[in-house]
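A.B. asks: Input file: run_39.cif. Contents: mmCIF, C-alpha atoms.
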```cif
data_input
loop_
_atom_site.label_atom_id
_atom_site.label_comp_id
_atom_site.auth_asym_id
_atom_site.auth_seq_id
_atom_site.Cartn_x
_atom_site.Cartn_y
_atom_site.Cartn_z
CA MET A 30 22.49 -6.77 13.01
CA ARG A 31 19.29 -5.75 14.79
CA GLY A 32 16.02 -4.79 13.17
CA PHE A 33 15.20 -1.10 13.35
CA GLN A 34 12.15 -1.82 15.55
CA SER A 35 14.40 -3.35 18.22
CA VAL A 36 16.73 -0.36 17.94
CA LEU A 37 13.82 2.05 18.46
CA LEU A 38 12.71 0.12 21.55
CA ASP A 39 16.27 0.30 22.88
CA ILE A 40 16.43 4.05 22.27
CA GLY A 41 13.03 4.53 23.93
CA ALA A 42 14.19 2.64 27.00
CA ARG A 43 17.44 4.62 27.22
CA LEU A 44 15.41 7.83 27.06
CA GLY A 45 13.10 6.53 29.76
CA LEU A 46 9.99 7.06 27.65
CA PRO A 47 6.66 6.09 29.24
CA GLY A 48 5.71 2.53 28.39
CA MET A 49 9.27 1.66 27.41
CA VAL A 50 10.68 1.09 30.92
CA LEU A 51 9.71 -0.68 34.13
CA ASP A 52 9.39 1.06 37.48
CA ASP A 53 13.09 0.46 38.19
CA GLY A 54 14.07 2.10 34.88
CA SER A 55 15.07 -1.13 33.12
CA PRO A 56 13.81 -1.85 29.59
CA ARG A 57 10.27 -3.19 29.47
CA TYR A 58 10.89 -5.15 26.26
CA ARG A 59 13.90 -7.26 25.33
CA ASP A 60 13.49 -6.68 21.56
CA TYR A 61 10.80 -6.34 18.93
CA ALA A 62 9.86 -10.02 19.12
CA ASP A 63 9.20 -9.59 22.84
CA TYR A 64 7.23 -6.41 22.13
CA ILE A 65 5.05 -8.15 19.54
CA VAL A 66 4.03 -10.76 22.09
CA ARG A 67 3.69 -8.73 25.28
CA HIS A 68 2.61 -5.22 24.25
CA GLU A 69 -1.11 -4.51 24.70
CA ARG A 70 -2.68 -1.34 23.28
CA ALA A 71 -5.78 -2.20 25.29
CA PRO A 72 -6.37 -4.98 27.83
CA GLY A 73 -6.03 -8.25 25.95
CA VAL A 74 -5.43 -6.58 22.55
CA GLY A 75 -1.95 -6.89 21.10
CA LEU A 76 -0.19 -6.84 17.75
CA LEU A 77 -1.05 -10.46 16.97
CA ALA A 78 -4.57 -11.85 17.20
CA GLY A 79 -3.89 -15.58 16.89
CA TRP A 80 -3.28 -17.98 19.76
CA ARG A 81 -3.71 -15.52 22.61
CA GLY A 82 -4.15 -16.55 26.22
CA GLU A 83 -1.74 -18.38 28.49
CA HIS A 84 -2.03 -21.60 26.46
CA GLY A 85 -2.96 -20.14 23.07
CA GLU A 86 -6.60 -21.10 23.43
CA LEU A 87 -8.05 -17.65 22.65
CA GLU A 88 -8.33 -15.56 19.50
CA ALA A 89 -8.24 -11.80 19.01
CA LYS A 90 -8.41 -10.90 22.71
CA GLY A 91 -6.68 -12.46 25.67
CA PRO A 92 -3.56 -12.30 27.84
CA PRO A 93 -0.18 -12.56 26.09
CA ASN A 94 0.97 -16.07 25.22
CA PRO A 95 4.75 -16.57 25.63
CA GLU A 96 4.65 -19.18 22.85
CA GLN A 97 2.61 -17.06 20.44
CA LEU A 98 5.37 -16.42 17.90
CA GLN A 99 6.24 -20.12 17.85
CA ARG A 100 2.62 -20.96 17.11
CA TYR A 101 2.76 -18.59 14.13
CA ILE A 102 6.01 -20.21 12.98
CA ASP A 103 4.45 -23.67 13.30
CA ASN A 104 1.58 -22.54 11.07
CA GLY A 105 3.69 -20.99 8.35
CA GLY A 106 3.31 -17.45 9.72
CA PHE A 107 -0.49 -17.42 9.29
CA TRP A 108 -3.57 -17.30 11.48
CA ARG A 109 -7.06 -16.51 10.27
CA SER A 110 -10.57 -15.88 11.49
CA HIS A 111 -13.49 -15.44 9.12
CA VAL A 112 -15.84 -12.47 9.24
CA PRO A 113 -19.37 -13.84 9.81
CA GLU A 114 -21.43 -13.73 6.62
CA SER A 115 -24.06 -11.55 8.29
CA ALA A 116 -21.36 -9.01 9.16
CA ARG A 117 -19.95 -8.45 5.68
CA TYR A 118 -22.07 -5.48 4.63
CA PHE A 119 -23.14 -2.02 5.87
CA LYS A 120 -20.47 -2.28 8.54
CA MET A 121 -20.88 1.17 10.04
CA ALA A 122 -24.37 0.22 11.31
CA ASN A 123 -24.49 -3.59 11.06
CA ARG A 124 -25.01 -4.95 14.57
CA GLY A 125 -23.42 -8.26 13.60
CA TYR A 126 -20.26 -6.53 12.38
CA LEU A 127 -20.04 -4.03 15.23
CA ASP A 128 -20.31 -6.75 17.88
CA TRP A 129 -17.82 -8.96 16.06
CA ALA A 130 -15.36 -6.09 15.55
CA GLN A 131 -15.51 -5.17 19.23
CA LYS A 132 -14.96 -8.79 20.21
CA MET A 133 -11.92 -8.90 17.90
CA GLY A 134 -10.53 -5.66 19.32
CA PHE A 135 -10.87 -3.70 16.06
CA LEU A 136 -13.31 -1.27 17.70
CA GLY A 137 -13.36 0.00 21.25
CA HIS A 138 -17.17 -0.07 21.36
CA ALA A 139 -20.06 -1.54 19.38
CA ASP A 140 -21.99 1.71 18.88
CA PRO A 141 -23.02 2.55 15.30
CA ILE A 142 -20.46 4.66 13.46
CA VAL A 143 -22.19 7.88 12.45
CA LEU A 144 -21.04 9.32 9.12
CA GLN A 145 -21.24 13.09 9.41
CA LEU A 146 -22.07 15.05 6.28
CA TYR A 147 -22.47 18.21 8.35
CA SER A 148 -19.55 18.59 10.81
CA GLU A 149 -20.51 20.42 13.98
CA THR A 150 -16.83 20.59 14.97
CA MET A 151 -15.96 22.45 11.77
CA GLN A 152 -18.86 24.83 12.33
CA LYS A 153 -17.56 25.68 15.81
CA PHE A 154 -14.23 26.73 14.31
CA ARG A 155 -15.97 28.84 11.67
CA LEU A 156 -18.24 30.53 14.21
CA ALA A 157 -15.21 31.34 16.35
CA ALA A 158 -13.57 32.98 13.33
CA GLN A 159 -16.76 34.98 12.83
CA GLY A 160 -16.47 36.38 16.36
CA HIS A 161 -18.58 33.99 18.42
CA GLY A 162 -17.39 32.51 21.71
CA ASP A 163 -14.53 33.16 24.08
CA LYS A 164 -11.84 31.38 22.08
CA GLN A 165 -10.87 33.26 18.94
CA PRO A 166 -8.33 32.40 16.23
CA PRO A 167 -5.47 34.86 15.75
CA ALA A 168 -6.58 37.90 13.77
CA GLU A 169 -4.25 37.13 10.85
CA HIS A 170 -5.81 33.66 10.41
CA ARG A 171 -9.44 34.59 11.00
CA GLU A 172 -10.42 34.90 7.33
CA ARG A 173 -8.73 31.61 6.43
CA VAL A 174 -10.56 29.70 9.16
CA ALA A 175 -13.92 31.29 8.33
CA THR A 176 -13.48 30.45 4.65
CA TYR A 177 -12.27 26.87 4.73
CA PHE A 178 -13.76 25.42 7.93
CA ASP A 179 -17.11 24.95 6.26
CA PRO A 180 -19.29 22.34 8.00
CA LEU A 181 -20.42 20.99 4.62
CA PRO A 182 -18.15 19.61 1.88
CA ILE A 183 -16.95 22.39 -0.43
CA TRP A 184 -14.65 22.74 -3.42
CA TYR A 185 -12.18 25.54 -3.96
CA GLU A 186 -9.37 26.18 -6.39
CA PRO A 187 -6.17 24.65 -4.90
CA PHE A 188 -3.84 27.33 -3.61
CA GLU A 189 -0.99 26.55 -6.00
CA GLY A 190 -3.09 27.12 -9.10
CA ALA A 191 -4.97 30.08 -7.62
CA GLN A 192 -1.88 31.96 -6.43
CA ILE A 193 0.25 31.73 -9.58
CA ALA A 194 -0.25 34.57 -12.02
CA ASP A 195 -1.57 33.18 -15.31
CA GLY A 196 -1.13 29.74 -13.75
CA ALA A 197 -3.60 27.90 -15.98
CA THR A 198 -1.58 28.93 -19.04
CA ARG A 199 1.89 28.52 -17.58
CA PHE A 200 1.16 25.24 -15.79
CA PRO A 201 -1.85 23.65 -17.50
CA LEU A 202 -1.55 20.14 -16.06
CA SER A 203 -2.15 18.60 -12.67
CA ALA A 204 0.59 16.20 -11.56
CA VAL A 205 -0.17 13.49 -9.03
CA THR A 206 1.76 10.64 -7.50
CA GLN A 207 0.66 7.48 -5.75
CA ARG A 208 2.20 4.51 -4.02
CA PRO A 209 2.72 1.38 -6.12
CA MET A 210 0.49 -1.39 -4.81
CA PHE A 211 3.53 -3.66 -4.91
CA MET A 212 6.04 -1.32 -3.24
CA TYR A 213 4.55 0.75 -0.45
CA HIS A 214 7.83 2.37 0.61
CA ALA A 215 11.29 2.93 -0.84
CA TRP A 216 12.74 0.05 1.16
CA GLY A 217 10.83 -2.30 -1.17
CA SER A 218 13.85 -2.01 -3.45
CA GLN A 219 15.62 -4.42 -1.11
CA ASN A 220 13.21 -7.13 -2.25
CA ALA A 221 14.53 -8.93 -5.32
CA TRP A 222 11.04 -10.11 -6.27
CA LEU A 223 9.69 -6.57 -6.32
CA ARG A 224 12.62 -5.40 -8.41
CA GLN A 225 11.62 -7.93 -11.05
CA ILE A 226 8.26 -6.14 -11.26
CA SER A 227 9.61 -2.62 -11.53
CA THR A 228 12.99 -0.94 -11.19
CA ARG A 229 12.06 2.46 -12.57
CA ASN A 230 9.03 4.68 -13.14
CA PHE A 231 7.66 6.80 -15.99
CA LEU A 232 5.55 9.92 -16.13
CA TYR A 233 2.23 8.66 -17.50
CA LEU A 234 0.12 10.88 -19.74
CA HIS A 235 -2.79 10.48 -22.13
CA PRO A 236 -1.85 10.15 -25.82
CA ASP A 237 -3.96 13.24 -26.59
CA THR A 238 -1.94 15.18 -24.02
CA GLY A 239 1.24 14.00 -25.70
CA ALA A 240 -0.06 15.10 -29.11
CA ARG A 241 -0.94 18.58 -27.81
CA HIS A 242 2.59 19.04 -26.51
CA GLY A 243 4.47 17.38 -29.39
CA ILE A 244 5.50 14.41 -27.27
CA ALA A 245 5.71 10.79 -28.46
CA ASP A 246 5.51 7.66 -26.37
CA GLU A 247 8.73 7.16 -24.32
CA ASP A 248 10.14 10.59 -25.21
CA TRP A 249 12.27 12.28 -22.58
CA ILE A 250 10.60 15.43 -21.34
CA ALA A 251 11.14 18.37 -19.01
CA VAL A 252 8.51 18.83 -16.30
CA GLN A 253 8.36 22.31 -14.75
CA SER A 254 6.48 23.72 -11.77
CA HIS A 255 6.70 27.13 -10.15
CA HIS A 256 9.17 25.56 -7.72
CA GLY A 257 11.50 23.37 -9.77
CA ARG A 258 12.25 21.26 -12.85
CA ILE A 259 12.87 17.57 -13.50
CA GLN A 260 13.78 15.48 -16.55
CA VAL A 261 11.91 12.18 -16.97
CA GLN A 262 10.72 9.70 -19.55
CA ALA A 263 7.09 9.88 -20.66
CA LYS A 264 4.83 6.89 -21.19
CA PHE A 265 1.40 6.94 -22.83
CA ALA A 266 -1.57 5.54 -20.92
CA ALA A 267 -5.09 5.98 -22.29
CA ASN A 268 -6.64 5.64 -18.82
CA VAL A 269 -5.15 8.94 -17.62
CA GLN A 270 -7.18 12.15 -17.51
CA PRO A 271 -6.03 14.36 -20.43
CA ASP A 272 -5.44 17.27 -18.03
CA THR A 273 -3.35 15.16 -15.62
CA VAL A 274 0.02 13.41 -15.53
CA TRP A 275 1.03 10.96 -12.84
CA THR A 276 3.72 8.58 -11.65
CA TRP A 277 4.56 6.10 -8.90
CA ASN A 278 6.42 7.30 -5.86
CA ALA A 279 8.86 5.19 -3.79
CA ILE A 280 10.67 3.78 -6.84
CA GLY A 281 13.01 6.63 -7.77
CA LYS A 282 16.17 6.67 -5.64
CA ARG A 283 19.33 8.67 -5.16
CA ARG A 284 22.33 6.81 -6.57
CA GLY A 285 23.61 4.27 -4.07
CA ALA A 286 20.53 4.45 -1.85
CA TRP A 287 19.46 1.19 -0.17
CA ARG A 288 22.85 -0.19 -1.24
CA LEU A 289 21.69 -0.52 -4.83
CA ASN A 290 24.33 -0.30 -7.53
CA LYS A 291 25.08 3.35 -8.32
CA ASP A 292 23.93 2.74 -11.91
CA ALA A 293 20.72 0.94 -10.93
CA PRO A 294 17.64 1.88 -13.00
CA GLU A 295 15.98 3.29 -9.87
CA SER A 296 18.48 6.16 -9.87
CA ARG A 297 19.38 6.47 -13.57
CA LYS A 298 15.81 6.51 -14.87
CA GLY A 299 13.63 6.59 -11.78
CA PHE A 300 12.57 9.92 -10.31
CA LEU A 301 10.46 11.68 -7.69
CA LEU A 302 8.04 14.57 -8.07
CA ASN A 303 9.32 15.95 -4.75
CA HIS A 304 11.67 18.31 -6.57
CA LEU A 305 8.64 20.09 -8.04
CA ILE A 306 6.67 20.48 -4.81
CA SER A 307 7.24 23.51 -2.59
CA ASP A 308 6.96 23.40 1.20
CA ILE A 309 5.05 26.68 1.14
CA THR A 310 2.35 28.21 -1.05
CA PRO A 311 3.44 30.36 -4.02
CA LYS A 312 2.67 33.54 -2.06
CA GLY A 313 4.71 32.23 0.87
CA ASP A 314 1.88 32.92 3.30
CA TYR A 315 1.21 29.37 4.54
CA ALA A 316 2.57 25.86 4.44
CA ASN A 317 1.67 24.05 1.25
CA ALA A 318 -0.96 22.02 3.06
CA ASP A 319 -4.67 21.54 3.51
CA PRO A 320 -5.96 24.40 5.70
CA VAL A 321 -8.08 22.09 7.87
CA THR A 322 -6.09 18.87 8.34
CA GLY A 323 -2.56 20.10 7.64
CA GLN A 324 -2.07 17.25 5.17
CA ALA A 325 0.67 18.09 2.65
CA ALA A 326 -0.88 19.27 -0.63
CA TRP A 327 0.89 16.79 -2.89
CA PHE A 328 -2.08 16.64 -5.27
CA ASP A 329 -2.25 20.41 -5.80
CA LEU A 330 0.86 20.38 -8.00
CA ARG A 331 0.55 22.17 -11.35
CA VAL A 332 3.12 21.59 -14.12
CA SER A 333 4.03 22.19 -17.72
CA ILE A 334 5.73 19.63 -19.97
CA ARG A 335 7.87 19.86 -23.10
CA ARG A 336 9.82 17.40 -25.22
CA LEU A 337 13.60 17.26 -24.84
CA ASP A 338 15.94 16.74 -27.76
CA ALA A 339 17.70 13.75 -26.19
CA ALA A 340 20.54 12.53 -28.40
CA ASP A 341 20.32 8.92 -27.38
CA ASP A 342 17.79 7.28 -25.11
CA ALA A 343 20.43 4.85 -23.90
CA GLN A 344 22.38 7.80 -22.50
CA ALA A 345 19.36 9.69 -21.18
CA VAL A 346 18.96 9.78 -17.40
CA SER A 347 16.48 11.40 -15.11
CA GLN A 348 17.33 14.74 -13.57
CA PRO A 349 18.26 16.02 -11.08
CA GLN A 350 21.10 13.66 -10.26
CA PHE A 351 23.20 13.85 -7.09
CA ALA A 352 26.52 12.38 -6.03
CA ALA A 353 26.19 8.71 -5.17
CA LEU A 354 25.89 7.75 -1.54
CA SER A 355 29.05 6.06 -0.27
CA PHE A 356 27.48 2.74 0.72
CA GLU A 357 29.13 -0.43 -0.52
CA PRO A 358 26.85 -2.18 -3.05
CA ALA A 359 24.90 -5.11 -1.68
CA ASP A 360 25.98 -8.68 -2.43
CA ASP A 361 24.70 -9.44 -5.93
CA ARG A 362 24.74 -13.23 -5.61
CA PRO A 363 21.41 -14.91 -6.49
CA LEU A 364 18.96 -14.83 -3.60
CA ARG A 365 17.23 -17.99 -2.48
CA TYR A 366 14.25 -16.86 -0.43
CA GLY A 367 13.10 -19.54 2.00
CA ALA A 368 16.11 -21.79 1.43
CA GLN A 369 17.12 -21.59 5.09
CA PHE A 370 13.61 -22.51 6.21
CA ARG A 371 13.56 -25.54 3.94
CA LYS A 372 16.97 -26.56 5.16
CA ASN A 373 15.87 -26.34 8.79
CA ARG A 374 12.85 -28.53 8.08
#
```
Can I see the file as structure tokens?

C.D. replies:
Amino acid sequence: MRGFQSVLLDIGARLGLPGMVLDDGSPRYRDYADYIVRHERAPGVGLLAGWRGEHGELEAKGPPNPEQLQRYIDNGGFWRSHVPESARYFKMANRGYLDWAQKMGFLGHADPIVLQLYSETMQKFRLAAQGHGDKQPPAEHRERVATYFDPLPIWYEPFEGAQIADGATRFPLSAVTQRPMFMYHAWGSQNAWLRQISTRNFLYLHPDTGARHGIADEDWIAVQSHHGRIQVQAKFAANVQPDTVWTWNAIGKRRGAWRLNKDAPESRKGFLLNHLISDITPKGDYANADPVTGQAAWFDLRVSIRRLDAADDAQAVSQPQFAALSFEPADDRPLRYGAQFRKNR
């Protein structure tokens, strides 16, 4: 079985993508391990900073070293270089840091990094929408550009709340989601250590919020948005804003996903807020996204919550549920991480 990175490199070479093939059309990289060592995003700057140069005598910048991966293996997979003490503060304008970062390949130049409070680029877009210049936005988008491309930071009511009639009453809570620090993506469920930390998620809310809605700690609740409805288990957390509910993403899974058992907690009691989030604004006029960057407006979600009369918590499951994926469950024998390495030594 090949890693997906090697498969992507193979596909890129078969498609003849620039940088993936040599002049004769043959693959430039044998596999991902070869790519890690030989690819350079800039002269002398690759994916790995340790032991660069023909004989591994350089750090951060230098020609590829054919033995680089072996040097990492010999050192337990680690290489390190300390940031100079004088470079550990005020990095955007610290000459010591800027020079060091350029030497390490983190920055392309050592010029101070100017933090713009007033964005001239944004102002150019707004002026264009106001009729200045040769390049004009389409007439139907002119008002939107002029309103939101403000050169100074502004606040405005998120579109979802603003466009729903009586939205503050119907959907009084903001619902947000964030990545678990210990499981950045859904594939973390393949890691047995991470699954010991968490195999399901809750919807966290302040105890005062629970009291206002007649909800007790660990009750099963219905969460409704203008777009959809889910059923989840609530959990009190006093560090949550009383007007907000939140949960982890990445943990909830469809049954059978990632070759987990079809009755795994990730699918029976885990969940995603995705089912509540629309791709378009309530009016249907634009994508449900930030008008400047295009970033999906995940944090604009407005919801209502109510307690469910669940007969038995042991039987309660998150909703919606879908037919299990047809993958065979993974081998459930105990895992012994590192055993092969110890054996080889």

A.B. asks: Which residues match the PyMOL selection byres ((chain A and resi 304-311) around 7) in the file above, as a PyMOL selection string?

C.D. replies: chain A and resi 188-189+192-193+254+256-258+301-303+312-317+330

A.B. asks: Can you measure CA of Ala279 (chain A) to CA of His214 (chain A) for me? One decimal in Å is fine.

C.D. replies: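 Result for CA of Ala279 (chain A) versus CA of His214 (chain A): 5.3 Å, one decimal.
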
A.B. asks: Would you be able to write out as a JSON list (two decimals) with C-alpha atoms, in the coordinates of the input which residues have an atom within 12 Å of (4.0, 9.7, -28.6) in the file's coordinates, counting all atoms listed in the file?

C.D. replies:
```json
[["chain", "number", "residue", "atom", "x", "y", "z"],
["A", 233, "TYR", "CA", 2.23, 8.66, -17.50],
["A", 234, "LEU", "CA", 0.12, 10.88, -19.74],
["A", 235, "HIS", "CA", -2.79, 10.48, -22.13],
["A", 236, "PRO", "CA", -1.85, 10.15, -25.82],
["A", 237, "ASP", "CA", -3.96, 13.24, -26.59],
["A", 238, "THR", "CA", -1.94, 15.18, -24.02],
["A", 239, "GLY", "CA", 1.24, 14.00, -25.70],
["A", 240, "ALA", "CA", -0.06, 15.10, -29.11],
["A", 241, "ARG", "CA", -0.94, 18.58, -27.81],
["A", 242, "HIS", "CA", 2.59, 19.04, -26.51],
["A", 243, "GLY", "CA", 4.47, 17.38, -29.39],
["A", 244, "ILE", "CA", 5.50, 14.41, -27.27],
["A", 245, "ALA", "CA", 5.71, 10.79, -28.46],
["A", 246, "ASP", "CA", 5.51, 7.66, -26.37],
["A", 247, "GLU", "CA", 8.73, 7.16, -24.32],
["A", 248, "ASP", "CA", 10.14, 10.59, -25.21],
["A", 249, "TRP", "CA", 12.27, 12.28, -22.58],
["A", 250, "ILE", "CA", 10.60, 15.43, -21.34],
["A", 262, "GLN", "CA", 10.72, 9.70, -19.55],
["A", 263, "ALA", "CA", 7.09, 9.88, -20.66],
["A", 264, "LYS", "CA", 4.83, 6.89, -21.19],
["A", 265, "PHE", "CA", 1.40, 6.94, -22.83],
["A", 266, "ALA", "CA", -1.57, 5.54, -20.92],
["A", 267, "ALA", "CA", -5.09, 5.98, -22.29],
["A", 336, "ARG", "CA", 9.82, 17.40, -25.22]]
```

A.B. asks: I'd like to see the residues matched by the PyMOL selection byres ((chain A and resi 260) around 10) on this file, and ideally I'd get them as a ChimeraX atom specification.

C.D. replies: /A:232,249-253,258-259,261-263,298,300,334-337,345-350

A.B. asks: Under the rule that all atoms listed in the file are counted, which of A:Ala78, A:Asp52, A:His255, A:Asp360 is the nearest residue to Arg199 (chain A)?

C.D. replies: A:His255

A.B. asks: Just the number, please: distance in Å from CA of Pro358 (chain A) to CA of Asn278 (chain A), one decimal.

C.D. replies: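 Interatomic distance, CA of Pro358 (chain A) to CA of Asn278 (chain A): 22.7 Å.
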
A.B. asks: What residues come out when you apply the PyMOL selection byres ((chain A and resi 220) around 12) to this file, written as an MDAnalysis selection string?

C.D. replies: chainID A and resid 211:219 221:228 287:289 359 364:366

A.B. asks: Please write as a CSV table (one decimal) with C-alpha atoms, in the frame of the given file the list of polymer residues whose atoms come within 7 Å of (20.3, 4.9, -7.7), counting only C-alpha atoms and keeping to the coordinates of the file.

C.D. replies:
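Listing of selection-v7.csv after writing:
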```
chain,number,residue,atom,x,y,z
A,282,LYS,CA,16.2,6.7,-5.6
A,283,ARG,CA,19.3,8.7,-5.2
A,284,ARG,CA,22.3,6.8,-6.6
A,285,GLY,CA,23.6,4.3,-4.1
A,286,ALA,CA,20.5,4.4,-1.8
A,289,LEU,CA,21.7,-0.5,-4.8
A,290,ASN,CA,24.3,-0.3,-7.5
A,291,LYS,CA,25.1,3.4,-8.3
A,292,ASP,CA,23.9,2.7,-11.9
A,293,ALA,CA,20.7,0.9,-10.9
A,294,PRO,CA,17.6,1.9,-13.0
A,295,GLU,CA,16.0,3.3,-9.9
A,296,SER,CA,18.5,6.2,-9.9
A,297,ARG,CA,19.4,6.5,-13.6
```

A.B. asks: Between CA of Phe231 (chain A) and CA of Asn268 (chain A), what is the spacing in Å?

C.D. replies: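 Distance between the two atoms: 14.6 Å.
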
A.B. asks: Because some atoms of region 126-141 of chain A are absent here, can you restore N, CA, C and O atoms and send them as a PDB file, in the coordinates of the input?

C.D. replies:
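Dumped everything to rebuild07.pdb:
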```pdb
ATOM      1  N   TYR A 126     -21.662  -6.935  12.555  1.00  0.00           N
ATOM      2  CA  TYR A 126     -20.260  -6.530  12.380  1.00  0.00           C
ATOM      3  C   TYR A 126     -19.742  -5.777  13.593  1.00  0.00           C
ATOM      4  O   TYR A 126     -18.616  -6.016  14.057  1.00  0.00           O
ATOM      5  N   LEU A 127     -20.502  -4.849  14.117  1.00  0.00           N
ATOM      6  CA  LEU A 127     -20.040  -4.030  15.230  1.00  0.00           C
ATOM      7  C   LEU A 127     -19.722  -4.894  16.448  1.00  0.00           C
ATOM      8  O   LEU A 127     -18.694  -4.692  17.115  1.00  0.00           O
ATOM      9  N   ASP A 128     -20.580  -5.867  16.741  1.00  0.00           N
ATOM     10  CA  ASP A 128     -20.310  -6.750  17.880  1.00  0.00           C
ATOM     11  C   ASP A 128     -19.084  -7.613  17.622  1.00  0.00           C
ATOM     12  O   ASP A 128     -18.243  -7.806  18.514  1.00  0.00           O
ATOM     13  N   TRP A 129     -18.970  -8.121  16.388  1.00  0.00           N
ATOM     14  CA  TRP A 129     -17.820  -8.960  16.060  1.00  0.00           C
ATOM     15  C   TRP A 129     -16.523  -8.143  16.106  1.00  0.00           C
ATOM     16  O   TRP A 129     -15.509  -8.594  16.641  1.00  0.00           O
ATOM     17  N   ALA A 130     -16.548  -6.925  15.565  1.00  0.00           N
ATOM     18  CA  ALA A 130     -15.360  -6.090  15.550  1.00  0.00           C
ATOM     19  C   ALA A 130     -14.918  -5.699  16.959  1.00  0.00           C
ATOM     20  O   ALA A 130     -13.721  -5.620  17.247  1.00  0.00           O
ATOM     21  N   GLN A 131     -15.882  -5.462  17.850  1.00  0.00           N
ATOM     22  CA  GLN A 131     -15.510  -5.170  19.230  1.00  0.00           C
ATOM     23  C   GLN A 131     -14.905  -6.395  19.891  1.00  0.00           C
ATOM     24  O   GLN A 131     -13.900  -6.308  20.609  1.00  0.00           O
ATOM     25  N   LYS A 132     -15.496  -7.553  19.635  1.00  0.00           N
ATOM     26  CA  LYS A 132     -14.960  -8.790  20.210  1.00  0.00           C
ATOM     27  C   LYS A 132     -13.536  -9.043  19.727  1.00  0.00           C
ATOM     28  O   LYS A 132     -12.684  -9.512  20.485  1.00  0.00           O
ATOM     29  N   MET A 133     -13.255  -8.679  18.468  1.00  0.00           N
ATOM     30  CA  MET A 133     -11.920  -8.900  17.900  1.00  0.00           C
ATOM     31  C   MET A 133     -10.932  -7.819  18.321  1.00  0.00           C
ATOM     32  O   MET A 133      -9.733  -7.944  18.070  1.00  0.00           O
ATOM     33  N   GLY A 134     -11.425  -6.734  18.922  1.00  0.00           N
ATOM     34  CA  GLY A 134     -10.530  -5.660  19.320  1.00  0.00           C
ATOM     35  C   GLY A 134     -10.300  -4.610  18.250  1.00  0.00           C
ATOM     36  O   GLY A 134      -9.479  -3.718  18.418  1.00  0.00           O
ATOM     37  N   PHE A 135     -11.017  -4.702  17.118  1.00  0.00           N
ATOM     38  CA  PHE A 135     -10.870  -3.700  16.060  1.00  0.00           C
ATOM     39  C   PHE A 135     -11.516  -2.380  16.468  1.00  0.00           C
ATOM     40  O   PHE A 135     -11.049  -1.301  16.085  1.00  0.00           O
ATOM     41  N   LEU A 136     -12.605  -2.451  17.217  1.00  0.00           N
ATOM     42  CA  LEU A 136     -13.310  -1.270  17.700  1.00  0.00           C
ATOM     43  C   LEU A 136     -13.358  -1.292  19.207  1.00  0.00           C
ATOM     44  O   LEU A 136     -13.457  -2.358  19.824  1.00  0.00           O
ATOM     45  N   GLY A 137     -13.297  -0.100  19.801  1.00  0.00           N
ATOM     46  CA  GLY A 137     -13.360   0.000  21.250  1.00  0.00           C
ATOM     47  C   GLY A 137     -14.766  -0.144  21.799  1.00  0.00           C
ATOM     48  O   GLY A 137     -14.960  -0.392  22.984  1.00  0.00           O
ATOM     49  N   HIS A 138     -15.785   0.059  20.942  1.00  0.00           N
ATOM     50  CA  HIS A 138     -17.170  -0.070  21.360  1.00  0.00           C
ATOM     51  C   HIS A 138     -17.988  -0.565  20.174  1.00  0.00           C
ATOM     52  O   HIS A 138     -17.508  -0.573  19.033  1.00  0.00           O
ATOM     53  N   ALA A 139     -19.213  -0.994  20.438  1.00  0.00           N
ATOM     54  CA  ALA A 139     -20.060  -1.540  19.380  1.00  0.00           C
ATOM     55  C   ALA A 139     -21.156  -0.569  18.974  1.00  0.00           C
ATOM     56  O   ALA A 139     -22.156  -0.968  18.374  1.00  0.00           O
ATOM     57  N   ASP A 140     -20.988   0.717  19.276  1.00  0.00           N
ATOM     58  CA  ASP A 140     -21.990   1.710  18.880  1.00  0.00           C
ATOM     59  C   ASP A 140     -21.924   1.933  17.369  1.00  0.00           C
ATOM     60  O   ASP A 140     -20.840   1.851  16.766  1.00  0.00           O
ATOM     61  N   PRO A 141     -23.044   2.229  16.741  1.00  0.00           N
ATOM     62  CA  PRO A 141     -23.020   2.550  15.300  1.00  0.00           C
ATOM     63  C   PRO A 141     -22.059   3.706  15.013  1.00  0.00           C
ATOM     64  O   PRO A 141     -21.907   4.632  15.820  1.00  0.00           O
TER      65      PRO A 141
END
```
